[in-house]
$ cat coords_26.txt   # compact mmCIF, C-alpha atoms and all ligand atoms
# COMPACT_ATOMS: atom_id res chain seq x y z
CA MET A 1 4.30 110.82 35.27
CA ILE A 2 4.82 107.05 35.03
CA VAL A 3 6.03 105.87 31.66
CA LYS A 4 4.63 102.40 31.02
CA SER A 5 6.49 101.65 27.80
CA THR A 6 8.27 103.64 25.12
CA ASN A 7 5.15 105.51 23.98
CA LYS A 8 2.61 104.98 26.75
CA CYS A 9 2.36 106.86 30.03
CA SER A 10 -0.03 107.24 32.92
CA LEU A 11 -0.96 110.12 35.23
CA ASN A 12 -2.58 110.15 38.66
CA ASP A 13 -5.26 112.63 39.70
CA GLY A 14 -3.73 116.12 39.88
CA ASP A 15 -0.53 115.23 37.96
CA ILE A 16 0.55 117.88 35.47
CA LEU A 17 1.21 116.62 31.95
CA PHE A 18 2.83 119.89 30.89
CA LEU A 19 2.88 123.53 31.89
CA GLU A 20 2.08 126.58 29.78
CA GLY A 21 5.34 128.05 28.48
CA GLU A 22 7.25 124.78 28.72
CA ALA A 23 9.30 123.51 25.77
CA SER A 24 7.46 120.92 23.70
CA ASP A 25 8.37 117.97 21.51
CA CYS A 26 5.48 115.60 22.03
CA ALA A 27 1.69 115.26 21.59
CA TYR A 28 -0.55 112.80 23.45
CA ILE A 29 -3.67 110.82 22.67
CA VAL A 30 -5.93 110.15 25.67
CA GLU A 31 -6.35 106.39 25.89
CA SER A 32 -8.57 106.55 28.97
CA GLY A 33 -9.28 109.00 31.79
CA GLN A 34 -9.62 112.77 31.65
CA LEU A 35 -7.47 115.90 31.33
CA SER A 36 -8.19 119.52 32.14
CA VAL A 37 -6.70 122.20 29.88
CA THR A 38 -6.18 125.60 31.52
CA THR A 39 -4.56 128.92 30.78
CA VAL A 40 -4.04 132.16 32.66
CA VAL A 41 -5.95 135.28 31.54
CA ASN A 42 -5.62 138.48 33.58
CA TYR A 43 -3.92 136.58 36.41
CA GLN A 44 -6.82 134.14 36.63
CA THR A 45 -6.78 130.47 35.70
CA VAL A 46 -9.41 129.70 33.08
CA GLU A 47 -10.39 126.19 32.00
CA LEU A 48 -10.32 125.92 28.20
CA GLY A 49 -11.77 122.44 28.05
CA ILE A 50 -11.84 118.83 29.19
CA LEU A 51 -10.23 116.12 27.09
CA ARG A 52 -11.40 112.52 27.15
CA GLU A 53 -10.70 109.17 25.50
CA GLY A 54 -9.64 109.60 21.87
CA ASP A 55 -8.82 113.32 22.18
CA ILE A 56 -5.40 114.66 21.22
CA VAL A 57 -3.47 117.20 23.29
CA GLY A 58 -0.26 119.16 22.73
CA GLU A 59 -0.43 118.68 18.96
CA MET A 60 1.40 121.95 18.23
CA GLY A 61 4.42 120.47 19.96
CA ILE A 62 4.99 118.06 17.10
CA ILE A 63 4.65 120.69 14.40
CA ASP A 64 6.96 123.38 15.71
CA GLN A 65 9.09 123.97 18.75
CA ALA A 66 7.14 126.88 20.23
CA PRO A 67 6.37 126.66 23.96
CA ARG A 68 3.16 125.03 25.24
CA THR A 69 0.15 127.38 25.05
CA ALA A 70 -1.77 125.86 27.98
CA THR A 71 -1.34 123.77 31.12
CA VAL A 72 -2.74 120.23 31.13
CA THR A 73 -3.58 118.38 34.34
CA ALA A 74 -5.06 114.93 34.94
CA THR A 75 -8.40 114.69 36.74
CA GLY A 76 -8.37 111.05 37.83
CA THR A 77 -6.10 108.28 36.62
CA THR A 78 -5.37 108.85 32.95
CA TYR A 79 -3.54 106.77 30.34
CA LEU A 80 -1.90 108.45 27.36
CA ILE A 81 -0.10 107.49 24.16
CA ALA A 82 2.81 109.81 23.38
CA ILE A 83 3.70 110.83 19.81
CA THR A 84 7.11 112.44 19.57
CA ARG A 85 8.02 114.92 16.85
CA ASP A 86 10.70 112.55 15.54
CA SER A 87 8.37 109.58 15.22
CA LEU A 88 5.84 111.73 13.40
CA ALA A 89 8.48 113.09 11.03
CA ASP A 90 9.38 109.51 10.05
CA ARG A 91 5.77 108.66 9.29
CA LEU A 92 5.11 111.87 7.40
CA SER A 93 8.11 111.55 5.13
CA ASP A 94 5.96 110.13 2.32
CA VAL A 95 2.93 112.39 2.80
CA ASP A 96 2.09 114.86 0.04
CA PRO A 97 3.76 118.17 0.97
CA ILE A 98 0.60 120.14 0.13
CA ILE A 99 -1.42 118.14 2.68
CA LEU A 100 1.31 118.70 5.24
CA PHE A 101 1.28 122.39 4.46
CA ILE A 102 -2.49 122.60 5.02
CA VAL A 103 -2.20 120.83 8.36
CA LYS A 104 0.64 123.09 9.42
CA THR A 105 -1.24 126.20 8.34
CA LEU A 106 -4.38 125.19 10.24
CA LEU A 107 -2.39 124.59 13.39
CA GLU A 108 -0.49 127.85 13.01
CA ARG A 109 -3.73 129.73 12.48
CA TYR A 110 -5.13 128.13 15.60
CA ARG A 111 -2.07 129.21 17.58
CA SER A 112 -2.17 132.68 16.08
CA GLY A 113 -5.87 133.02 17.02
CA LEU A 114 -5.08 131.92 20.55
CA ASP A 115 -2.29 134.51 20.79
CA SER A 116 -4.45 137.36 19.55
CA VAL A 117 -7.20 136.45 22.07
CA ARG A 118 -4.51 136.88 24.68
CA GLY A 119 -3.44 140.22 23.23
CA LYS A 120 -0.11 138.97 21.81
CA GLN A 121 0.01 140.68 18.40
CA LYS A 122 3.50 139.53 17.43
CA ALA A 123 2.41 136.01 16.60
CA ASP A 124 0.37 137.24 13.66
CA VAL A 125 3.39 138.83 11.96
CA SER A 126 5.59 135.76 12.25
CA TYR A 127 2.68 133.63 11.12
CA SER A 128 2.32 135.45 7.82
CA MET A 129 6.08 135.58 7.28
CA THR A 130 6.67 131.89 7.80
CA THR A 131 3.64 131.15 5.67
CA SER A 132 4.84 133.10 2.66
CA VAL A 133 8.33 131.59 2.88
CA SER A 134 7.01 128.08 3.20
CA VAL A 135 4.42 128.42 0.42
CA GLY A 136 7.19 128.94 -2.16
CA LYS A 137 9.21 126.10 -0.76
CA MET A 138 6.26 123.74 -0.48
CA ARG A 139 5.27 124.47 -4.06
CA LEU A 140 8.80 123.77 -5.28
CA GLU A 141 8.87 120.61 -3.24
CA ALA A 142 5.58 119.41 -4.72
CA GLU A 143 6.92 120.19 -8.20
CA LEU A 144 10.11 118.28 -7.48
CA LYS A 145 8.11 115.28 -6.33
CA ASP A 146 6.03 115.55 -9.48
CA ALA A 147 9.18 115.77 -11.64
CA LEU A 148 10.50 112.62 -9.98
CA GLU A 149 7.27 110.70 -10.46
CA ASN A 150 7.00 111.71 -14.10
CA ASN A 151 10.64 111.02 -14.98
CA ARG A 152 11.44 114.68 -15.54
CA LEU A 153 14.62 114.61 -13.47
CA GLU A 154 17.58 114.12 -15.72
CA ILE A 155 21.10 112.98 -15.19
CA SER A 156 24.24 114.27 -16.88
CA TYR A 157 27.34 112.15 -17.12
CA GLN A 158 30.71 113.85 -16.86
CA PRO A 159 33.67 111.80 -18.09
CA LEU A 160 36.74 111.09 -15.93
CA LEU A 161 39.99 110.62 -17.78
CA ASN A 162 42.58 108.05 -16.76
CA ILE A 163 45.51 110.44 -16.96
CA GLN A 164 48.23 107.86 -17.48
CA THR A 165 46.49 105.90 -20.29
CA ASN A 166 44.61 108.92 -21.70
CA THR A 167 41.32 106.99 -21.91
CA VAL A 168 37.90 107.57 -20.38
CA ALA A 169 37.80 105.55 -17.16
CA GLY A 170 34.30 106.36 -15.94
CA PHE A 171 31.68 109.04 -15.39
CA GLU A 172 30.15 111.07 -12.58
CA ALA A 173 26.35 111.15 -12.48
CA LEU A 174 25.10 114.71 -11.90
CA ALA A 175 21.41 115.36 -11.30
CA ARG A 176 19.58 117.94 -13.44
CA TRP A 177 16.14 119.48 -13.04
CA ASN A 178 14.76 121.54 -15.86
CA HIS A 179 11.84 123.34 -14.20
CA PRO A 180 8.96 124.01 -16.64
CA VAL A 181 8.75 127.70 -15.64
CA ARG A 182 11.98 128.60 -13.83
CA GLY A 183 14.25 126.75 -16.27
CA PRO A 184 17.26 124.76 -15.04
CA ILE A 185 17.58 124.73 -11.26
CA LEU A 186 21.06 124.20 -9.84
CA PRO A 187 21.53 120.82 -8.18
CA GLU A 188 22.84 122.61 -5.09
CA GLU A 189 19.38 124.15 -4.69
CA PHE A 190 17.10 121.22 -5.40
CA ILE A 191 19.30 118.59 -3.78
CA ALA A 192 19.34 120.73 -0.62
CA LEU A 193 15.54 120.96 -0.81
CA ALA A 194 15.27 117.21 -1.35
CA GLU A 195 17.54 116.64 1.64
CA GLU A 196 15.37 118.76 3.89
CA THR A 197 12.29 116.77 3.01
CA SER A 198 13.49 113.15 2.69
CA LEU A 199 12.67 113.30 -1.04
CA ILE A 200 16.40 112.67 -1.39
CA VAL A 201 15.82 108.98 -0.66
CA PRO A 202 13.56 108.24 -3.68
CA ILE A 203 15.49 110.77 -5.81
CA GLY A 204 18.76 109.08 -4.88
CA GLU A 205 17.38 105.68 -5.79
CA TYR A 206 16.14 107.01 -9.11
CA ILE A 207 19.62 108.40 -9.81
CA PHE A 208 21.18 105.02 -9.00
CA GLN A 209 18.67 103.25 -11.19
CA GLN A 210 19.20 105.50 -14.21
CA SER A 211 22.98 105.64 -13.79
CA CYS A 212 23.26 101.85 -13.65
CA LEU A 213 21.21 101.49 -16.83
CA GLU A 214 23.37 104.11 -18.51
CA LEU A 215 26.57 102.41 -17.34
CA ILE A 216 25.45 99.23 -19.08
CA ASN A 217 24.79 101.20 -22.29
CA LEU A 218 28.16 102.95 -22.04
CA GLY A 219 29.97 99.67 -21.41
CA LYS A 220 28.37 98.17 -24.52
CA ALA A 221 29.28 101.21 -26.63
CA ALA A 222 32.87 101.10 -25.39
CA GLY A 223 33.13 97.31 -25.56
CA ARG A 224 34.41 97.37 -21.96
CA ASP A 225 33.23 96.10 -18.60
CA ASP A 226 35.62 98.15 -16.45
CA LEU A 227 33.98 101.59 -16.75
CA PHE A 228 32.89 103.04 -13.42
CA MET A 229 30.11 105.39 -12.38
CA SER A 230 30.59 107.86 -9.52
CA ILE A 231 27.38 108.70 -7.69
CA ASN A 232 26.96 111.41 -5.06
CA VAL A 233 25.16 110.56 -1.84
CA SER A 234 24.08 112.83 0.97
CA ALA A 235 23.90 112.34 4.73
CA ARG A 236 20.20 111.65 4.71
CA GLN A 237 20.66 108.76 2.28
CA ILE A 238 23.38 107.27 4.43
CA LEU A 239 21.09 107.36 7.43
CA ALA A 240 18.16 105.72 5.61
CA THR A 241 18.10 102.15 6.93
CA ASP A 242 17.79 100.00 3.82
CA PHE A 243 19.51 102.33 1.35
CA LEU A 244 22.50 100.05 0.79
CA GLN A 245 20.44 96.93 0.27
CA ARG A 246 18.28 98.76 -2.21
CA ILE A 247 21.13 100.13 -4.30
CA ALA A 248 22.86 96.74 -4.23
CA GLN A 249 19.63 95.28 -5.60
CA ILE A 250 19.46 97.97 -8.28
CA CYS A 251 22.99 96.99 -9.37
CA LEU A 252 22.13 93.31 -9.39
CA ARG A 253 18.97 93.82 -11.42
CA SER A 254 20.67 96.04 -13.99
CA GLY A 255 23.71 93.82 -14.37
CA VAL A 256 26.24 96.27 -12.90
CA ARG A 257 28.92 94.92 -10.52
CA CYS A 258 28.95 96.88 -7.25
CA GLU A 259 32.69 97.54 -7.67
CA GLN A 260 31.83 99.57 -10.79
CA ILE A 261 30.07 102.09 -8.55
CA ALA A 262 32.08 104.71 -6.67
CA ILE A 263 29.99 106.32 -3.96
CA GLU A 264 30.99 109.94 -3.41
CA ILE A 265 30.71 111.26 0.11
CA THR A 266 31.87 114.65 1.34
CA GLU A 267 33.54 115.63 4.54
CA THR A 268 31.00 118.40 5.10
CA MET A 269 27.99 116.10 5.35
CA GLY A 270 27.87 116.52 9.11
CA THR A 271 27.59 112.80 9.75
CA PRO A 272 29.52 111.70 12.86
CA LEU A 273 32.73 109.97 11.81
CA ASP A 274 31.83 106.74 13.61
CA VAL A 275 28.50 106.48 11.80
CA LEU A 276 30.21 107.20 8.49
CA ASN A 277 32.90 104.63 9.22
CA HIS A 278 30.36 101.93 10.00
CA TRP A 279 28.43 102.76 6.83
CA VAL A 280 31.57 102.70 4.69
CA LYS A 281 32.44 99.25 6.04
CA ARG A 282 29.01 97.95 5.02
CA CYS A 283 29.48 99.53 1.57
CA ARG A 284 32.81 97.77 1.19
CA MET A 285 31.33 94.43 2.15
CA LEU A 286 28.90 94.78 -0.74
CA GLY A 287 31.76 95.72 -3.06
CA PHE A 288 31.09 99.44 -3.61
CA LYS A 289 34.09 101.79 -3.95
CA ILE A 290 34.30 104.88 -1.78
CA SER A 291 35.42 108.28 -2.99
CA ILE A 292 35.81 111.38 -0.84
CA ASP A 293 34.50 114.41 -2.71
CA ASP A 294 35.52 118.08 -2.42
CA PHE A 295 38.61 117.08 -0.49
CA GLY A 296 40.24 120.00 1.31
CA THR A 297 37.11 122.14 1.72
CA GLY A 298 35.94 120.79 5.10
CA TYR A 299 37.54 120.50 8.48
CA SER A 300 38.00 116.79 8.97
CA GLY A 301 39.90 115.86 5.79
CA LEU A 302 42.82 114.10 7.40
CA SER A 303 40.84 112.19 10.00
CA LEU A 304 38.51 111.01 7.22
CA LEU A 305 41.51 109.69 5.31
CA THR A 306 42.98 107.74 8.17
CA LYS A 307 39.68 106.41 9.46
CA LEU A 308 37.85 105.59 6.23
CA THR A 309 40.77 104.67 3.92
CA PRO A 310 38.81 105.60 0.76
CA ASP A 311 39.58 104.11 -2.66
CA LYS A 312 39.71 107.54 -4.24
CA VAL A 313 39.91 111.15 -3.17
CA LYS A 314 38.70 114.01 -5.35
CA ILE A 315 40.77 117.11 -4.74
CA ASP A 316 38.39 120.07 -4.89
CA LYS A 317 38.55 122.35 -7.93
CA LEU A 318 39.58 125.19 -5.63
CA PHE A 319 43.09 123.73 -5.50
CA ILE A 320 43.70 123.73 -9.24
CA ALA A 321 42.08 127.04 -10.08
CA ASN A 322 45.19 129.25 -9.84
CA ILE A 323 48.11 126.92 -10.39
CA LYS A 324 49.25 128.56 -13.62
CA THR A 325 49.91 131.91 -11.98
CA ASP A 326 50.43 131.06 -8.33
CA GLN A 327 53.56 129.23 -7.15
CA ALA A 328 52.07 128.66 -3.67
CA ALA A 329 48.97 127.04 -5.22
CA ARG A 330 51.20 124.67 -7.25
CA GLN A 331 53.10 123.79 -4.10
CA LEU A 332 49.91 123.10 -2.16
CA LEU A 333 48.42 120.87 -4.88
CA SER A 334 51.73 118.95 -5.13
CA SER A 335 51.80 118.34 -1.39
CA ILE A 336 48.20 117.08 -1.29
CA ALA A 337 48.76 114.77 -4.27
CA GLN A 338 52.00 113.45 -2.82
CA MET A 339 50.40 112.71 0.53
CA LEU A 340 47.56 110.79 -1.16
CA ASN A 341 50.01 108.91 -3.41
CA ASN A 342 51.97 107.86 -0.33
CA GLN A 343 48.78 106.42 1.13
CA GLN A 344 48.07 104.48 -2.11
CA ILE A 345 44.76 106.32 -2.54
CA GLY A 346 43.53 106.99 -6.10
CA VAL A 347 43.76 110.73 -6.82
CA VAL A 348 41.10 112.51 -8.86
CA VAL A 349 41.49 116.19 -9.66
CA GLU A 350 38.28 118.11 -10.35
CA GLY A 351 37.86 121.29 -12.37
CA VAL A 352 40.62 120.60 -14.90
CA GLU A 353 40.03 123.23 -17.54
CA SER A 354 43.35 123.65 -19.41
CA GLN A 355 46.09 121.54 -20.96
CA TYR A 356 48.60 123.17 -18.60
CA GLU A 357 46.62 121.89 -15.63
CA LEU A 358 46.31 118.39 -17.09
CA ASP A 359 50.07 118.20 -17.78
CA PHE A 360 50.80 119.45 -14.28
CA ILE A 361 48.70 116.81 -12.54
CA ARG A 362 50.03 114.08 -14.84
CA ASP A 363 53.54 114.98 -13.69
CA LEU A 364 52.35 114.76 -10.09
CA GLY A 365 51.25 111.16 -10.70
CA CYS A 366 47.53 111.86 -10.21
CA ASP A 367 45.24 109.12 -11.54
CA TYR A 368 42.11 110.78 -12.91
CA ALA A 369 41.11 114.20 -14.27
CA GLN A 370 37.58 115.59 -14.39
CA GLY A 371 36.66 118.97 -15.82
CA TYR A 372 35.65 120.97 -18.86
CA LEU A 373 38.91 120.12 -20.68
CA VAL A 374 38.09 116.42 -20.57
CA GLY A 375 34.37 116.93 -21.08
CA LYS A 376 31.38 118.81 -19.74
CA PRO A 377 28.50 116.92 -18.12
CA LEU A 378 26.82 115.16 -21.08
CA SER A 379 23.46 113.58 -21.84
CA GLY A 380 23.44 109.77 -22.02
CA LEU A 381 23.51 109.87 -25.82
CA GLU A 382 26.38 112.37 -25.93
CA ALA A 383 28.35 110.24 -23.47
CA ILE A 384 27.86 107.14 -25.65
CA ALA A 385 29.06 109.13 -28.66
CA LEU A 386 32.47 109.48 -26.94
CA PHE A 387 33.11 105.84 -27.80
CA GLU A 388 31.86 105.88 -31.36
P1 LIG A 401 30.21 117.98 -7.17
O1 LIG A 401 29.90 116.60 -6.73
O2 LIG A 401 31.48 118.59 -6.67
O3 LIG A 401 30.18 117.95 -8.74
C1 LIG A 401 31.09 118.63 -9.57
C2 LIG A 401 30.51 119.94 -10.03
O4 LIG A 401 31.53 120.64 -10.72
C3 LIG A 401 29.38 119.76 -11.02
O5 LIG A 401 28.46 120.82 -10.82
C4 LIG A 401 30.08 119.92 -12.36
O6 LIG A 401 29.22 120.33 -13.41
C5 LIG A 401 31.08 121.01 -12.02
N1 LIG A 401 32.24 120.97 -12.90
C6 LIG A 401 32.68 119.94 -13.62
N2 LIG A 401 33.80 120.26 -14.31
C7 LIG A 401 34.08 121.54 -14.02
C8 LIG A 401 35.13 122.45 -14.43
O7 LIG A 401 36.03 122.13 -15.20
N3 LIG A 401 35.08 123.70 -13.89
C9 LIG A 401 34.12 124.09 -13.04
N4 LIG A 401 34.16 125.33 -12.56
N5 LIG A 401 33.10 123.25 -12.63
C10 LIG A 401 33.10 122.00 -13.12
P2 LIG A 401 26.93 120.56 -10.76
O8 LIG A 401 26.52 119.54 -11.77
O9 LIG A 401 26.29 121.91 -10.81
O10 LIG A 401 26.70 119.92 -9.34
C11 LIG A 401 26.92 120.68 -8.19
C12 LIG A 401 26.83 119.84 -6.96
O11 LIG A 401 25.52 119.34 -6.72
C13 LIG A 401 27.72 118.61 -7.03
O12 LIG A 401 29.04 118.98 -6.76
C14 LIG A 401 27.10 117.77 -5.94
O13 LIG A 401 27.56 118.18 -4.69
C15 LIG A 401 25.63 118.11 -6.05
N6 LIG A 401 24.97 117.06 -6.82
C16 LIG A 401 24.80 116.91 -8.15
N7 LIG A 401 24.13 115.79 -8.44
C17 LIG A 401 23.87 115.18 -7.25
C18 LIG A 401 23.21 113.96 -6.87
O14 LIG A 401 22.75 113.18 -7.72
N8 LIG A 401 23.13 113.68 -5.54
C19 LIG A 401 23.68 114.49 -4.60
N9 LIG A 401 23.58 114.14 -3.31
N10 LIG A 401 24.31 115.63 -4.91
C20 LIG A 401 24.41 115.98 -6.22
CA CA A 402 30.78 114.71 -6.71
CA CA A 403 33.34 117.82 -6.00
$ encode --input "coords_26.txt" --output "structure tokens"
Amino acid sequence: MIVKSTNKCSLNDGDILFLEGEASDCAYIVESGQLSVTTVVNYQTVELGILREGDIVGEMGIIDQAPRTATVTATGTTYLIAITRDSLADRLSDVDPIILFIVKTLLERYRSGLDSVRGKQKADVSYSMTTSVSVGKMRLEAELKDALENNRLEISYQPLLNIQTNTVAGFEALARWNHPVRGPILPEEFIALAEETSLIVPIGEYIFQQSCLELINLGKAAGRDDLFMSINVSARQILATDFLQRIAQICLRSGVRCEQIAIEITETMGTPLDVLNHWVKRCRMLGFKISIDDFGTGYSGLSLLTKLTPDKVKIDKLFIANIKTDQAARQLLSSIAQMLNNQQIGVVVEGVESQYELDFIRDLGCDYAQGYLVGKPLSGLEAIALFE
């Protein structure tokens, strides 16, 4: 096959576009020329059809990764436009999930029909299983999209205490979804769902928008302009091209200085360190602060520290949980805090639930405490009431 440009290719008479059973990641539109589609039934090659200008071939290959179900050969010189699975995924990211589901179901049914004609019964079983799993997920996804569009996603604000001055220094924005039937859904569940479907990009922007507005309200209530807001971001948001420009604009429009925003990233996001490093540099240029979340729970903690030089590190709540009763846990927390202090990185301890724990981390010279002792995640109004 001769590839003319990134998405165009040409075949000569007799060239094979793909073989039955081959791996697939691409569909093709016939621009001109002709293709023959064949399969083997009872050891005999059978022609399933002829495709001409405007026809599409190999479309299953962009929906799932199952092998090709037929062989396609050019009869005469043929020009094709290739559509890769990745390029389609980009374009479909904004399509209504229900429409996508219908398309996927139709294609799966087509494949399942083809398999049963060939006497392969197994396909039917997996078809119904994947369908029932994805129906639930698709429905939840559609409901999440609906909640976003109708402002039914909420944000809680959990205070962070400046341990040395004993004053509220800022808040962490935590997303909340109160599902009309299922009740509150844990952010771990719906954020993961949003990440799978790119909904995380508009959801993330909404969270930035609301949190900036709330930060202005909180600043007014406190009579201060130095409060900060910590906002969680996920890998998918980092990879979205204009994410940083958009959130910088949100700050500008709402009157928040970028340095009042601490962007929380985790070491378990799976983003290659170089990509993360480049992104963090761009964040810094705009003025945003960087905080590493859940420190100590992933594998790359130390390399993240040396490479990214974050402004703050949040030691995961795991490390404070047993300090009252466990000498080794106290030792471990002390060592982590000391190492971060030596590097001049701001130290936040999460999950502070008792006075003993707060006193302990104050003695270690930690900077901020977050947890139920200081305050639970609060509604905007409750957070404002902290200053009144
Ligand atoms: P996280 O970023 O580690 O957030 C801290 C979690 O610890 C929050 O759970 C908070 O309610 C909980 N927490 C706070 N104080 C205490 C305490 O004293 N003890 C204990 N045991 N827990 C405490 P939440 O709100 O359920 O959020 C869970 C996770 O969901 C967050 O973990 C974060 O990873 C994710 N998440 C929440 N909102 C967002 C968001 O807007 N975007 C993204 N990407 N992720 C989010
Ligand atoms: Ca966080
Ligand atoms: Ca955390």
$ atom_distance --input "coords_26.txt" --atom1 "atom O3 of ligand LIG 401 (chain A)" --atom2 "atom CA of A:Asn162"
17.8 Å
$ closest_residue --input "coords_26.txt" --among "A:Asp367, A:Glu259, A:Asp13, A:Asp274" --to "A:Lys289" --atoms "all atoms listed in the file"
A:Glu259
$ closest_residue --input "coords_26.txt" --among "A:Ile263, A:Leu140, A:Ala175, A:Ala248" --to "A:Leu286" --atoms "all atoms listed in the file"
A:Ala248
$ residues_near_ligand --input "coords_26.txt" --ligand "ligand CA 403 (chain A)" --cutoff "8 Å" --atoms "all atoms listed in the file" --output "ChimeraX atom specification"
/A:293-295,314-317,350
$ closest_residue --input "coords_26.txt" --among "A:Arg362, A:Lys307, A:Lys145, A:Arg176" --to "A:Thr197" --atoms "all atoms listed in the file"
A:Lys145
$ residues_around --input "coords_26.txt" --residues "A:Leu302" --least-positions-apart "3" --cutoff "12 Å" --atoms "all atoms listed in the file" --output "list in words"
Glu267, Leu273, Ile292, Phe295, Gly296, Thr297, Gly298, Tyr299, Leu305, Thr306, Lys307, Leu308, Thr309, Pro310, Val313, Ile336, Met339, Leu340 and Gln343 of chain A
$ write_last_selection --input "coords_26.txt" --atoms "C-alpha atoms" --output "PDB file, keeping the file's coordinate frame"
ATOM      1  CA  GLU A 267      33.540 115.630   4.540  1.00  0.00           C
ATOM      2  CA  LEU A 273      32.730 109.970  11.810  1.00  0.00           C
ATOM      3  CA  ILE A 292      35.810 111.380  -0.840  1.00  0.00           C
ATOM      4  CA  PHE A 295      38.610 117.080  -0.490  1.00  0.00           C
ATOM      5  CA  GLY A 296      40.240 120.000   1.310  1.00  0.00           C
ATOM      6  CA  THR A 297      37.110 122.140   1.720  1.00  0.00           C
ATOM      7  CA  GLY A 298      35.940 120.790   5.100  1.00  0.00           C
ATOM      8  CA  TYR A 299      37.540 120.500   8.480  1.00  0.00           C
ATOM      9  CA  LEU A 305      41.510 109.690   5.310  1.00  0.00           C
ATOM     10  CA  THR A 306      42.980 107.740   8.170  1.00  0.00           C
ATOM     11  CA  LYS A 307      39.680 106.410   9.460  1.00  0.00           C
ATOM     12  CA  LEU A 308      37.850 105.590   6.230  1.00  0.00           C
ATOM     13  CA  THR A 309      40.770 104.670   3.920  1.00  0.00           C
ATOM     14  CA  PRO A 310      38.810 105.600   0.760  1.00  0.00           C
ATOM     15  CA  VAL A 313      39.910 111.150  -3.170  1.00  0.00           C
ATOM     16  CA  ILE A 336      48.200 117.080  -1.290  1.00  0.00           C
ATOM     17  CA  MET A 339      50.400 112.710   0.530  1.00  0.00           C
ATOM     18  CA  LEU A 340      47.560 110.790  -1.160  1.00  0.00           C
ATOM     19  CA  GLN A 343      48.780 106.420   1.130  1.00  0.00           C
TER      20      GLN A 343
END
$ residues_around --input "coords_26.txt" --residues "A:Gly49" --least-positions-apart "4" --cutoff "12 Å" --atoms "all atoms listed in the file" --output "PDB file with C-alpha atoms, in the coordinates of the input"
ATOM      1  CA  GLN A  34      -9.620 112.770  31.650  1.00  0.00           C
ATOM      2  CA  LEU A  35      -7.470 115.900  31.330  1.00  0.00           C
ATOM      3  CA  SER A  36      -8.190 119.520  32.140  1.00  0.00           C
ATOM      4  CA  VAL A  37      -6.700 122.200  29.880  1.00  0.00           C
ATOM      5  CA  THR A  38      -6.180 125.600  31.520  1.00  0.00           C
ATOM      6  CA  THR A  39      -4.560 128.920  30.780  1.00  0.00           C
ATOM      7  CA  ASP A  55      -8.820 113.320  22.180  1.00  0.00           C
ATOM      8  CA  VAL A  57      -3.470 117.200  23.290  1.00  0.00           C
ATOM      9  CA  ALA A  70      -1.770 125.860  27.980  1.00  0.00           C
ATOM     10  CA  THR A  71      -1.340 123.770  31.120  1.00  0.00           C
ATOM     11  CA  VAL A  72      -2.740 120.230  31.130  1.00  0.00           C
ATOM     12  CA  THR A  73      -3.580 118.380  34.340  1.00  0.00           C
TER      13      THR A  73
END
$ residues_near_ligand --input "coords_26.txt" --ligand "ligand LIG 401 (chain A)" --cutoff "9 Å" --atoms "all atoms listed in the file" --output "ChimeraX atom specification"
/A:155-156,158,172-176,186-192,195,200,203-204,207-208,231-235,237,264-266,293-294,314,316-318,321,350-354,370-377
$ closest_residue --input "coords_26.txt" --among "A:Ser334, A:Asn178, A:Thr69, A:Ser112" --to "A:Arg152" --atoms "all atoms listed in the file"
A:Asn178
$ closest_residue --input "coords_26.txt" --among "A:Ala385, A:Leu276, A:Ala66, A:Ala27" --to "A:Arg85" --atoms "only C-alpha atoms"
A:Ala27
$ atom_distance --input "coords_26.txt" --atom1 "atom CA of A:Pro159" --atom2 "atom CA of A:Arg246"
25.7 Å
$ closest_residue --input "coords_26.txt" --among "A:Arg109, A:Ile83, A:Ser291, A:Leu199" --to "ligand CA 402 (chain A)" --atoms "all atoms listed in the file"
A:Ser291
$ residues_around --input "coords_26.txt" --residues "A:Glu31" --least-positions-apart "2" --cutoff "7 Å" --atoms "only C-alpha atoms" --output "JSON, numbers by chain"
{"A": [29, 53, 54, 79, 80, 81]}
$ axis_aligned_box --input "coords_26.txt" --around "stretch 304-311 of chain A" --padding-each-side "4 Å" --output "lines of an AutoDock Vina configuration file"
center_x = 40.4
center_y = 107.6
center_z = 3.4
size_x = 13.1
size_y = 14.9
size_z = 20.1
$ atom_distance --input "coords_26.txt" --atom1 "atom CA of A:Gly58" --atom2 "atom CA of A:Ile99"
20.1 Å
$ residues_around --input "coords_26.txt" --residues "A:Ile323" --least-positions-apart "3" --cutoff "10 Å" --atoms "all atoms listed in the file" --output "PyMOL selection string"
chain A and resi 318-320+326-333+356-357+360
$ residues_around --input "coords_26.txt" --residues "A:Ser198" --least-positions-apart "2" --cutoff "9 Å" --atoms "all atoms listed in the file" --output "list in words"
Ser93, Asp94, Leu193, Ala194, Glu195, Glu196, Ile200, Val201, Pro202, Arg236 and Gln237 of chain A
$ write_last_selection --input "coords_26.txt" --atoms "C-alpha atoms" --output "short mmCIF file (atom, residue, chain, number, x, y, z; two decimals), in the coordinates of the input"
data_model
loop_
_atom_site.label_atom_id
_atom_site.label_comp_id
_atom_site.auth_asym_id
_atom_site.auth_seq_id
_atom_site.Cartn_x
_atom_site.Cartn_y
_atom_site.Cartn_z
CA SER A 93 8.11 111.55 5.13
CA ASP A 94 5.96 110.13 2.32
CA LEU A 193 15.54 120.96 -0.81
CA ALA A 194 15.27 117.21 -1.35
CA GLU A 195 17.54 116.64 1.64
CA GLU A 196 15.37 118.76 3.89
CA ILE A 200 16.40 112.67 -1.39
CA VAL A 201 15.82 108.98 -0.66
CA PRO A 202 13.56 108.24 -3.68
CA ARG A 236 20.20 111.65 4.71
CA GLN A 237 20.66 108.76 2.28
#
